[in-house]
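A.B. asks: One structure, as structure tokens, below. Some questions next.
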Amino acid sequence: MSDVLPRPTNNIPVTNTPVTNTPAERDNSALLLRLTNLALQAETVPAAVTPILNMLIDETCAVGSAYFQADETFFKARAASGVMPEGPAMDTILMHGLPAETPLMVALREGTPALFFNDTSTQKATLGFPELAVKSLAAAPVYDRKGVLLGAFLMHTFELHAWTPAERGLFQAVAKTLATLAARLVAEEHAKQAHEDAIHALGLALEHRDDETKGHTDRVTNLALRVADAMGLDDDTRDAMRRGAYLHDIGKIAIPDAVLRKPGKLNDEEWQMMRAHTTIGSNFVAQLSFLPQGTRDVVLHHHEKYNGQGYPKQLAGDDIPLLARIFAVVDVYDALTSERPYKPAWTHEDALAEIRNCAGSHFDPDVVAAFVGIF
């Protein structure tokens, strides 16, 4: 939820003449049903609310509309439609969000169903909006089941406009009907983020137990995602990769310290114990039903080699899952370029040369090409 909202580009013109076209009274039930169906099919908050924002632009005199969602001490823009304010103040809002103590958000926390302002320059609740050139404003809250303000739908004009009964009725009906759906998606996002934070924390904890160089988990995660982007993988696959990167060595939690932290060379028995971390980790991940198969593939197969000489299954070529093939490259690269008790850090150039030399034997040549390409 820390992403920066791109500016809308539907090029709705802003004129200097008074707004006079008002929508006629209509039965909104069919429109609300269509929007509700779209929202129910959406998997993310922006996907759910964007059709709503588009509809507000089409069916009212508003020239711009946005959805802001609570994120710690700010309400951050998650979706927008139409023409948005411009200038440094708006750039700051898009980057950081509206502070929770913004007068408008304070007013919405009082439990009102919707607020309408025909002239923002005359109202304390709209403090700051005249500086954005917003002359008229409407805002509707999104609450959770406990009445906590989760977000708000906003629509605005850049010319003074008296919101008509039809516009007020439509805005209130839409907000009331779809706020519950938006709240559900927000709750699901929070639950997903909680899972994500817990998984990340596990990966970081293992760094310390395994004497890994600080930052290893985040470095390999970022590199793996860059390669995934270079290879055109979709968002779901990227999510699986990220989680697999967090947990790739989770099986080492079951390896005794005498083996895991041994400064010298491992004997055959110890090496067998160390290799078992992939299957132990895979079994652990399998118990977390919310994790996709791709995550388990990374954990189980990131030590496989393209020539079939790896472990634990001695898979070869394309029989090795793609995400594991990607992660194998970034994991080795980070190991080479990091200082360890038993070796100095390699230079970036030397590590890339080694990665290239191992294409076709240790690594998938296509993955190596993508990996080298990101630099």
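Labels used: A, B, ... for chains in the order of the structure tokens, numbers from 1 for residues in each chain, and numbers from 1 for ligands as shown.
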Using only C-alpha atoms, which residues sit within 8 Å of Pro312 in chain A once same-chain residues fewer than 4 positions away are excluded, as a PDB file with N, CA and C atoms, in the first residue's frame?

C.D. replies:
```
ATOM      1  N   ARG A 275      21.835 -30.855   3.262  1.00  0.00           N
ATOM      2  CA  ARG A 275      21.017 -30.941   2.051  1.00  0.00           C
ATOM      3  C   ARG A 275      19.533 -31.175   2.365  1.00  0.00           C
ATOM      4  N   ALA A 276      19.271 -31.752   3.518  1.00  0.00           N
ATOM      5  CA  ALA A 276      17.882 -32.047   3.887  1.00  0.00           C
ATOM      6  C   ALA A 276      17.070 -30.784   4.133  1.00  0.00           C
ATOM      7  N   THR A 278      16.208 -28.501   2.222  1.00  0.00           N
ATOM      8  CA  THR A 278      15.252 -28.183   1.154  1.00  0.00           C
ATOM      9  C   THR A 278      13.937 -28.947   1.339  1.00  0.00           C
ATOM     10  N   THR A 279      14.024 -30.239   1.660  1.00  0.00           N
ATOM     11  CA  THR A 279      12.791 -31.020   1.851  1.00  0.00           C
ATOM     12  C   THR A 279      12.112 -30.654   3.164  1.00  0.00           C
ATOM     13  N   LEU A 300      11.983 -25.908  -2.309  1.00  0.00           N
ATOM     14  CA  LEU A 300      12.395 -27.297  -2.520  1.00  0.00           C
ATOM     15  C   LEU A 300      13.504 -27.433  -3.561  1.00  0.00           C
ATOM     16  N   HIS A 301      13.477 -26.619  -4.604  1.00  0.00           N
ATOM     17  CA  HIS A 301      14.317 -26.902  -5.771  1.00  0.00           C
ATOM     18  C   HIS A 301      15.394 -25.857  -6.064  1.00  0.00           C
ATOM     19  N   HIS A 303      18.302 -25.579  -5.122  1.00  0.00           N
ATOM     20  CA  HIS A 303      19.657 -26.137  -5.230  1.00  0.00           C
ATOM     21  C   HIS A 303      19.757 -27.181  -6.350  1.00  0.00           C
ATOM     22  N   GLU A 304      18.725 -27.299  -7.162  1.00  0.00           N
ATOM     23  CA  GLU A 304      18.829 -28.156  -8.353  1.00  0.00           C
ATOM     24  C   GLU A 304      19.764 -27.477  -9.353  1.00  0.00           C
TER      25      GLU A 304
END
```

A.B. asks: Could you tell me how far CA of Val285 in chain A lies from CA of Ala335 in chain A, in Å and to one decimal?

C.D. replies: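 That distance, rounded to one decimal, is 23.4 Å.
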
A.B. asks: Mind checking which residues fall within 8 Å of range 139-146 of chain A, counting only C-alpha atoms, ignoring those fewer than 4 positions away in the same chain, and posting them as a PyMOL selection string?

C.D. replies: chain A and resi 108-109+112-116+150-155+171-172+175+179-180+182-183

A.B. asks: Pick from A:Phe75, A:Tyr333, A:Phe117, A:Phe327: nearest to Leu149 in chain A, with only C-alpha atoms counted?

C.D. replies: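 Closest to Leu149 in chain A, using only C-alpha atoms: A:Phe75.
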
A.B. asks: Measuring atom to atom with only C-alpha atoms, identify which of A:Gln293, A:Ser282, A:Ser121, A:Gln287 is nearest to Lys252 in chain A.

C.D. replies: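 Using only C-alpha atoms, the shortest distance to Lys252 in chain A belongs to A:Ser282.
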
A.B. asks: Write out as an MDAnalysis selection string the residues lying within 6 Å of Ala77 in chain A, counting only C-alpha atoms and excluding same-chain residues fewer than 2 positions away.

C.D. replies: chainID A and resid 67:68 79

A.B. asks: Can you list, as an NGL selection string, every protein, DNA or RNA residue that comes within 10 Å of Ala359 in chain A when you count only C-alpha atoms, leaving out same-chain residues fewer than 6 positions away?

C.D. replies: :A and (306-307 or 329 or 365-369)

A.B. asks: Let me make sure I understand: among A:Asp297, A:Arg261, A:Gly87, A:Ala328, which one has the smallest atom-to-atom distance to Arg340 in chain A if we use only C-alpha atoms?

C.D. replies: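 Smallest separation from Arg340 in chain A among the options: A:Arg261.
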
A.B. asks: Could you tell me how far CA of Thr347 in chain A lies from CA of Arg219 in chain A, in Å and to one decimal?

C.D. replies: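 Distance reported for this atom pair: 15.8 Å.
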